[in-house]
Each structure stands twice: as structure tokens, then as C-alpha cells.
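Structure first, then comments.
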Amino acid sequence: MAKTLNVAMIGYGFMGRAHSNAYRQVNQFFDLDYRPVMKVACARDAGKLAKFAQNWGWESTETDWRKVIERKDVDAIDIGSPNNTHKEITLAAAAAGKMVLCEKPLAMDLAEASAMTEAVERAGVPNYVWFNYRRVPAITLAKQIMDEGRLGRIFHYRACYLQDWTISPDLPQGGQTLWRLDKEVAGSGVTGDLISHAVDTAIWLNGPVTKVVGDTETFIKERPVQDAGGTTKAVTIDDACQFLCRFANGSLGTFESTRYARGRKNKNAFEINGENASIAFDLEDPHRLQYFDHTDPDHLQGWRSIHVTGFEHPYMKNWWVPGTTIGYEHTFINALADFLKGLETGTPASPTFRDSLPTQAVCDAVLDSAEVGHWQSVVPV
Ligand SMILES: NC(=O)c1ccc[n+]([C@@H]2O[C@H](COP(=O)([O-])OP(=O)(O)OC[C@H]3O[C@@H](n4cnc5c(N)ncnc54)[C@H](O)[C@@H]3O)[C@@H](O)[C@H]2O)c1
């Protein structure tokens with residue numbers, strides 16, 4: 001008999017849709033004890049919220065997240081609202097004994113993230129951060145290959161996360177969907193929004209980062225404020241960020257992120273070079289993991305392109321037959337399945353809030369370094 005998990009979703013935007021889809025599909029494709037029930041969706045605009053709830057099958061709606069947390073029929077709070085709301089909602093949810101699933105970046109900065117982690121741990125509630133790219137099967141396969149030690153000593157880790165949607169100076173900042181350009185709401189620009197994904201993956205694959213030196217740029221200094229009748233405001237987020245780092249295992253890292261890479265819509269890529277082998281991944285070709293094995297016979301050496309769609313590949317036995325593919329939305333379903341499996345087995349799925357603190361610490365250190373202009377140690381967490 002399935003155990004029900006009554007879920008409240010905060011936010012009906014991009015992530016509200018991605019998570020709703022995951023709640024609807026997860027039990028169809030994964031054999032799990034827990035069955036999420038889509039109890040209540042919450043956002044501030046009642047009209048739009050009603051349409052969203054009807055479309056995705058949420059049983060009820062609330063326009064104030066505090067009311068959602070007060071409800072006795074809710075077990076888990078899923079935070080898919082902008083970054084400046086994560087802390088307050090988490091603290092209230094944890095105090096009410098609810099599980100918390102939170103979108104990335106976990107918080108505006110490390111201090112907030114630490115307070116949130118203490119709150120969920122004090123309350124003893126399961127918690128999880130939606131770093132969904134870990135659940136791209138090719139990236140999970142990269143983790144398996146790293147854990148098998150096939151690369152040997154690691155020399156280099158290089159990553160980029162590139163977009164191009166903010167190049168026009170006419171694009172306003174603030175408000176619906178454009179809160180990412182407003183530092184008060186987002187906390188930072190591409191560092192929290194994009195590089196945090198690359199850093200989460202890097203730490204997961206290659207271990208802790210010990211020190212960083214970074215540089216940021218804001219290309220457009222002033223923008224109109226959305227729906228504010230022509231008012232403009234200084235832009236204070238980072239439009240682009242690059243940093244060098246050292247990993248605890250002695251390898252060197254380079255990271256680059258921008259929303260000004262014309263033609264790049266969501267290029268999230270990395271390459272790792274080890275003594276015996278290298279691996280490379282690019283979200284523009286998400287089903288493939290590139291692998292070069294120096295232990296192959298000399299005459300057969302070359303990059304192989306592994307089509308990560310076989311039953312033996314991570315997550316793929318839950319989907320279709322080998323050779324067929326899955327999409328972006330499946331990374332959230334895979335992530336949710338892992339969270340629910342963690343509830344079932346008592347071994348929490350990663351990343352928990354605590355697991356996400358090192359990523360937040362790296363992002364903070366990068367922004368600090370960009371400000372002071374020299375290397376910064378990453379606060380151990
Ligand atoms: N995992 C990923 O790859 C990924 C991708 C996109 C966004 N995100 C993260 O998800 C979160 C939401 O981003 P998004 O792209 O879905 O944003 P969005 O702008 O599309 O949606 C935000 C939603 O939050 C609602 N909201 C805002 N303030 C609220 C409040 N006080 N109470 C209730 N609802 C409120 C808005 O009405 C809207 O429905 C952010 O933290 C973002 O960084 C993660």
C-alpha cells in the first residue's frame with residue numbers, strides 16, 4: 001500500500017511547472033513506496049494560480065504561503081519561488097515540522113543557507129535541493145566513472161554555463177520572470193543562477209574546492225524597471241563571472257558563466273582531464289558522454305561518444321527502450337524519485353541542504369574575490 005506524501009508547491013512559474021510534471025509522473029515510471037499527492041499550489045495572483053492548478057491537477061490553491069504551512073494536511077513544502085523567499089519559507093516550514101524541497105540556489109548567500117540548514121536539521125525534517133543536472137543520466141554516468149577511479153589522478157576541471165538572453169539593453173529588470181536581474185531578489189546574477197549548477201556538479205564529481213580567484217562584469221549598467229512606467233534603475237547583478245580554483249585533490253579548475261554568449265541558450269558543459277582518461281559533457285548534446293581512455297590499445301585510441309540510453313545506464317531502465325531518449329523534464333522526475341527513495345530507505349538523497357553548503361560557500365568566495373581582486377579561501381562547511 002503506497003504511503004501518501006501531501007505536497008504544497010510554492011510558485012507556478014518555470015519550476016512550478018517542472019516540479020508539477022514530476023509529481024504527476026514519478027510513480028508511473030519508478031517503483032516507490034511514497035506517492036506524492038498534489039494538495040495545494042501557492043502563488044500571489046489568484047487568477048493565474050487557479051489556471052495553473054487546474055492545468056496540472058493541484059487539489060486546491062492558496063495565495064499566502066504562510067497559510068499553506070499552517071495546513072495540517074500538508075507534509076512537504078516545495079519552494080519554487082524567487083531566491084529571496086527561500087529562507088523565510090524554509091524557517092517557517094521547518095518550525096511547523098514540514099519537509100522542505102528547495103530550488104537552487106539554496107539561498108541568497110552562505111549565511112542564509114547555513115541558517116536554513118540549521119533549521120531543517122533542528123526540526124529533523126527531510127530536506128533536498130533541486131540541483132537537477134546531477135540527474136542527467138550522462139552526468140550521473142560521469143559520477144560513476146569518477147567513482148570507479150578510471151581517470152586516475154585528476155589534473156583539470158573546466159566548466160562553462162552560457163546563455164544569451166539579457167544582451168538587449170531594453171530588457172527590463174524586476175517583476176515577473178525578470179527578478180533574476182534584480183540583486184535584491186536574486187542575491188547575485190549568473191553566479192547564483194548558473195555557476196551554482198556548474199559548481200554543484202563539480203564538487204559532486206571532483207570533490208571540495210579550497211580557494212578561488214574570480215572576476216565579474218555587469219555589461220549593461222542601467223535598465224528599465226518592469227511595469228514601472230519608464231523608471232530605470234542601476235543593474236547590480238553580475239552579468240558574467242569567471243573564476244579559477246583549486247580543488248582539494250590538487251586539480252585546477254576554470255569556470256565561466258555569462259548571459260552574453262550570443263547563440264548559447266543554455267550551454268552547460270564540462271571536461272575533466274585525468275592521468276588515465278578524460279570525460280566531457282555538453283547539455284547541448286545531453287544524451288552523450290564523451291570518454292577518452294588512454295589505457296585503450298594505441299591504435300584504437302580516440303574519443304568515444306557514449307550514447308547514454310541503455311538499460312545499464314543511470315535512470316534509463318525506468319524510461320524507454322535503449323536508443324530512445326529522455327528530456328529536460330525527466331531530470332526533475334529522476335531527482336524526485338531519488339528524494340522519495342531516500343524517504344523510503346532512510347538514507348537521504350543528495351544534495352540535502354547541508355550537501356549544498358559547499359556550493360554556496362564557493363559562490364560567495366567567488367563574488368568576494370571579484371570585489372577584492374585576489375584569491376579567497378573557501379569557507380569550509
Ligand atoms: N533547477 C533549475 O535548473 C532551475 C531552473 C530555473 C529556476 N530555478 C530556481 O527556481 C526558483 C524559481 O525560478 P523560476 O524560474 O521558476 O521563476 P519564475 O519567475 O518562473 O516563477 C516564480 C514563481 O514564484 C511566485 N512567487 C514569487 N514570490 C512569491 C511569494 N512571495 N509567494 C508565493 N509565490 C511567489 C511567482 O508568482 C511565480 O509563480 C528560483 O530559485 C530559481 O533559481 C531552478
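If you're wondering about the labels, chains in the C-alpha cells are A, B, ... by order shown, residues count from 1 in each chain, ligands from 1 in order shown.
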
TODO: Give the strand (DSSP E) residues of range 128-266 of chain A, as DSSP finds them on the backbone, and put them as a count of residues only.
DONE: 41

- [ ] Identify, counting only C-alpha atoms and all ligand atoms, the protein, DNA and RNA residues located within 8 Å of ligand 1, and give them as a PyMOL selection string.
- [x] chain A and resi 10-17+42-45+49+63-65+79-83+85-86+102-106+130-133+176-180+186+192-193+197

File of the preceding selection, N, CA and C atoms, as a compact mmCIF listing (two decimals), in the first residue's frame:
```txt
# COMPACT_ATOMS: atom_id res chain seq x y z
N ILE A 10 5.12 26.00 -3.89
CA ILE A 10 5.13 27.47 -3.84
C ILE A 10 5.71 27.98 -5.16
N GLY A 11 4.90 28.69 -5.93
CA GLY A 11 5.36 29.23 -7.22
C GLY A 11 4.80 28.42 -8.38
N TYR A 12 4.30 29.13 -9.40
CA TYR A 12 3.73 28.42 -10.56
C TYR A 12 4.49 28.74 -11.85
N GLY A 13 5.73 29.24 -11.68
CA GLY A 13 6.49 29.63 -12.87
C GLY A 13 7.19 28.44 -13.52
N PHE A 14 8.36 28.71 -14.05
CA PHE A 14 9.16 27.69 -14.73
C PHE A 14 9.29 26.44 -13.86
N MET A 15 9.78 26.62 -12.64
CA MET A 15 10.00 25.46 -11.78
C MET A 15 8.69 24.90 -11.24
N GLY A 16 7.69 25.75 -11.03
CA GLY A 16 6.38 25.23 -10.62
C GLY A 16 5.88 24.20 -11.63
N ARG A 17 6.09 24.47 -12.90
CA ARG A 17 5.65 23.55 -13.96
C ARG A 17 6.53 22.29 -13.98
N CYS A 42 0.56 27.35 -4.49
CA CYS A 42 0.52 28.68 -3.89
C CYS A 42 1.30 29.69 -4.73
N ALA A 43 0.69 30.82 -5.00
CA ALA A 43 1.36 31.99 -5.60
C ALA A 43 0.45 33.18 -5.32
N ARG A 44 0.91 34.39 -5.66
CA ARG A 44 0.16 35.56 -5.20
C ARG A 44 -1.01 35.95 -6.07
N ASP A 45 -0.96 35.60 -7.37
CA ASP A 45 -2.03 36.01 -8.29
C ASP A 45 -3.08 34.89 -8.37
N LEU A 49 -3.06 31.55 -10.73
CA LEU A 49 -2.83 30.35 -9.91
C LEU A 49 -3.94 29.31 -10.14
N THR A 63 -3.09 31.87 -1.71
CA THR A 63 -2.26 32.99 -2.19
C THR A 63 -1.24 33.44 -1.14
N ASP A 64 -1.29 32.86 0.06
CA ASP A 64 -0.31 33.22 1.09
C ASP A 64 0.40 31.94 1.56
N TRP A 65 1.73 31.90 1.36
CA TRP A 65 2.45 30.66 1.71
C TRP A 65 2.35 30.34 3.20
N ILE A 79 9.68 24.65 -2.55
CA ILE A 79 9.89 26.08 -2.79
C ILE A 79 10.40 26.30 -4.21
N GLY A 80 9.51 26.85 -5.05
CA GLY A 80 9.86 27.16 -6.44
C GLY A 80 9.64 28.63 -6.72
N SER A 81 9.87 29.44 -5.70
CA SER A 81 9.69 30.89 -5.82
C SER A 81 11.09 31.54 -5.83
N PRO A 82 11.16 32.85 -6.11
CA PRO A 82 12.47 33.51 -6.24
C PRO A 82 13.36 33.38 -4.99
N ASN A 83 14.65 33.58 -5.21
CA ASN A 83 15.67 33.25 -4.20
C ASN A 83 15.48 33.98 -2.86
N THR A 85 12.93 34.48 -1.25
CA THR A 85 11.84 33.91 -0.43
C THR A 85 12.26 32.60 0.24
N HIS A 86 13.37 32.02 -0.21
CA HIS A 86 13.71 30.65 0.23
C HIS A 86 13.90 30.54 1.75
N CYS A 102 13.79 22.53 -1.84
CA CYS A 102 14.01 23.93 -2.22
C CYS A 102 14.77 24.01 -3.54
N GLU A 103 14.37 24.95 -4.36
CA GLU A 103 15.11 25.18 -5.61
C GLU A 103 16.47 25.80 -5.32
N LYS A 104 17.35 25.69 -6.30
CA LYS A 104 18.68 26.29 -6.20
C LYS A 104 18.60 27.72 -6.70
N PRO A 105 19.52 28.63 -6.38
CA PRO A 105 20.48 28.44 -5.31
C PRO A 105 19.73 28.34 -3.99
N LEU A 106 20.27 27.55 -3.05
CA LEU A 106 19.54 27.35 -1.79
C LEU A 106 19.15 28.68 -1.17
N TRP A 130 17.06 21.12 -5.35
CA TRP A 130 16.79 20.62 -6.71
C TRP A 130 17.94 20.95 -7.67
N PHE A 131 19.13 20.43 -7.38
CA PHE A 131 20.22 20.55 -8.38
C PHE A 131 20.00 19.43 -9.40
N ASN A 132 19.09 19.68 -10.31
CA ASN A 132 18.58 18.61 -11.18
C ASN A 132 19.59 18.08 -12.18
N TYR A 133 20.65 18.88 -12.49
CA TYR A 133 21.58 18.39 -13.52
C TYR A 133 22.34 17.15 -13.08
N GLN A 176 7.82 39.90 -12.61
CA GLN A 176 7.58 38.54 -13.10
C GLN A 176 8.68 38.09 -14.06
N THR A 177 9.25 36.96 -13.79
CA THR A 177 10.31 36.28 -14.55
C THR A 177 11.64 37.06 -14.66
N LEU A 178 11.60 38.39 -14.54
CA LEU A 178 12.85 39.16 -14.68
C LEU A 178 13.47 39.55 -13.33
N TRP A 179 12.97 38.91 -12.27
CA TRP A 179 13.54 39.13 -10.94
C TRP A 179 15.02 38.72 -10.91
N ARG A 180 15.44 37.85 -11.82
CA ARG A 180 16.84 37.40 -11.87
C ARG A 180 17.82 38.55 -12.11
N ALA A 186 17.37 38.28 -6.37
CA ALA A 186 18.15 37.11 -6.84
C ALA A 186 19.38 36.83 -5.97
N GLY A 192 24.94 32.96 -8.80
CA GLY A 192 23.95 32.13 -8.09
C GLY A 192 23.08 31.34 -9.03
N ASP A 193 22.77 31.94 -10.18
CA ASP A 193 21.79 31.32 -11.08
C ASP A 193 22.41 30.19 -11.90
N HIS A 197 25.06 25.81 -10.52
CA HIS A 197 24.83 24.47 -11.09
C HIS A 197 26.17 23.81 -11.41
```

- [ ] Could you give me, as a list in words, the residues within 10 Å of Leu205 in chain A, counting only C-alpha atoms and dropping anything in the same chain fewer than 3 positions from it?
- [x]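 Here the qualifying residues turn out to be Arg134, Ile139, Thr140, Ala142, Lys143, Gln144, Ile145, Met146, Asp147, Tyr157, Val199, Asp200, Thr201, Ala202, Pro208 and Ile272 of chain A.
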
From the DSSP assignment of the backbone, select every residue of range 26-237 of chain A that is alpha helix (DSSP H), and format the answer as a CSV table (one decimal) with C-alpha atoms, in the first residue's frame.
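Just written: selection.csv:
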```csv
chain,number,residue,atom,x,y,z
A,26,VAL,CA,7.1,9.9,-10.9
A,27,ASN,CA,5.0,6.9,-9.7
A,28,GLN,CA,4.3,5.9,-13.3
A,29,PHE,CA,8.0,5.3,-14.0
A,46,ALA,CA,-5.2,34.1,-7.6
A,47,GLY,CA,-6.5,34.1,-11.2
A,48,LYS,CA,-3.3,32.8,-12.8
A,49,LEU,CA,-2.8,30.3,-9.9
A,50,ALA,CA,-6.3,28.9,-10.4
A,51,LYS,CA,-5.5,28.2,-14.1
A,52,PHE,CA,-2.1,26.6,-13.2
A,53,ALA,CA,-3.7,24.4,-10.5
A,54,GLN,CA,-6.4,23.2,-12.9
A,55,ASN,CA,-4.0,22.5,-15.7
A,56,TRP,CA,-1.6,20.5,-13.5
A,65,TRP,CA,2.4,30.7,1.7
A,66,ARG,CA,2.0,31.1,5.5
A,67,LYS,CA,-1.5,29.6,5.2
A,68,VAL,CA,0.0,26.6,3.3
A,69,ILE,CA,2.4,26.0,6.1
A,70,GLU,CA,-0.3,26.1,8.7
A,86,HIS,CA,13.7,30.7,0.2
A,87,LYS,CA,14.9,31.4,3.7
A,88,GLU,CA,11.7,32.7,5.3
A,89,ILE,CA,9.6,29.9,3.8
A,90,THR,CA,12.1,27.3,4.9
A,91,LEU,CA,12.4,28.6,8.5
A,92,ALA,CA,8.6,28.6,8.9
A,93,ALA,CA,8.1,25.2,7.2
A,94,ALA,CA,10.8,23.6,9.4
A,95,ALA,CA,9.3,25.1,12.5
A,110,LEU,CA,26.1,31.3,2.8
A,111,ALA,CA,24.8,32.9,6.0
A,112,GLU,CA,21.2,32.4,4.9
A,113,ALA,CA,21.9,28.9,3.6
A,114,SER,CA,23.6,28.0,7.0
A,115,ALA,CA,20.6,29.3,8.9
A,116,MET,CA,18.2,27.2,6.7
A,117,THR,CA,20.3,24.1,7.2
A,118,GLU,CA,20.3,24.5,10.9
A,119,ALA,CA,16.6,25.0,10.9
A,120,VAL,CA,15.8,21.8,9.0
A,121,GLU,CA,18.3,19.8,10.9
A,122,ARG,CA,17.0,21.1,14.3
A,123,ALA,CA,13.5,20.2,13.2
A,137,PRO,CA,21.9,10.3,-17.0
A,138,ALA,CA,25.1,11.2,-18.8
A,139,ILE,CA,26.3,13.3,-15.8
A,140,THR,CA,25.3,10.6,-13.3
A,141,LEU,CA,27.4,8.2,-15.5
A,142,ALA,CA,30.3,10.6,-15.3
A,143,LYS,CA,30.0,10.4,-11.5
A,144,GLN,CA,30.0,6.6,-11.8
A,145,ILE,CA,33.2,6.7,-13.9
A,146,MET,CA,34.9,9.1,-11.5
A,147,ASP,CA,33.9,6.9,-8.5
A,183,LYS,CA,20.0,41.7,-6.9
A,184,GLU,CA,17.6,42.4,-4.1
A,185,VAL,CA,15.5,39.3,-5.2
A,186,ALA,CA,18.1,37.1,-6.8
A,190,VAL,CA,24.9,34.4,-13.1
A,196,SER,CA,26.0,27.4,-8.9
A,197,HIS,CA,24.8,24.5,-11.1
A,198,ALA,CA,28.3,24.0,-12.5
A,199,VAL,CA,29.9,24.2,-9.0
A,200,ASP,CA,27.4,21.7,-7.6
A,201,THR,CA,28.3,19.2,-10.4
A,202,ALA,CA,32.0,19.9,-10.0
A,203,ILE,CA,32.1,19.3,-6.2
A,204,TRP,CA,29.9,16.2,-6.7
A,205,LEU,CA,32.3,14.8,-9.3
A,206,ASN,CA,35.7,16.1,-8.2
```

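Distances here use only C-alpha atoms; by that measure, the residue among A:Ser369, A:Gln290, A:Asn334, A:Ser251 closest to Asp215 in chain A is A:Ser369.
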
Open item on the list: For a test of reading the model, state the distance in Å between CA of Met108 in chain A and CA of Val366 in chain A, rounded to one decimal.
Closed with: 13.9 Å

Task: Among the residues A:Lys211, A:Ile279, A:Cys241, A:His313, the one that comes closest to His374 in chain A [using only C-alpha atoms] - done: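 Among A:Lys211, A:Ile279, A:Cys241, A:His313, it is A:Lys211 that comes nearest to His374 in chain A.
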
- [ ] Check the smallest atom-to-atom distance from each of A:Gln163, A:Ser257, A:Asn318, A:Asn249 to Gly274 in chain A using only C-alpha atoms, then report the winner.
- [x]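 Using only C-alpha atoms, the shortest distance to Gly274 in chain A belongs to A:Asn249.
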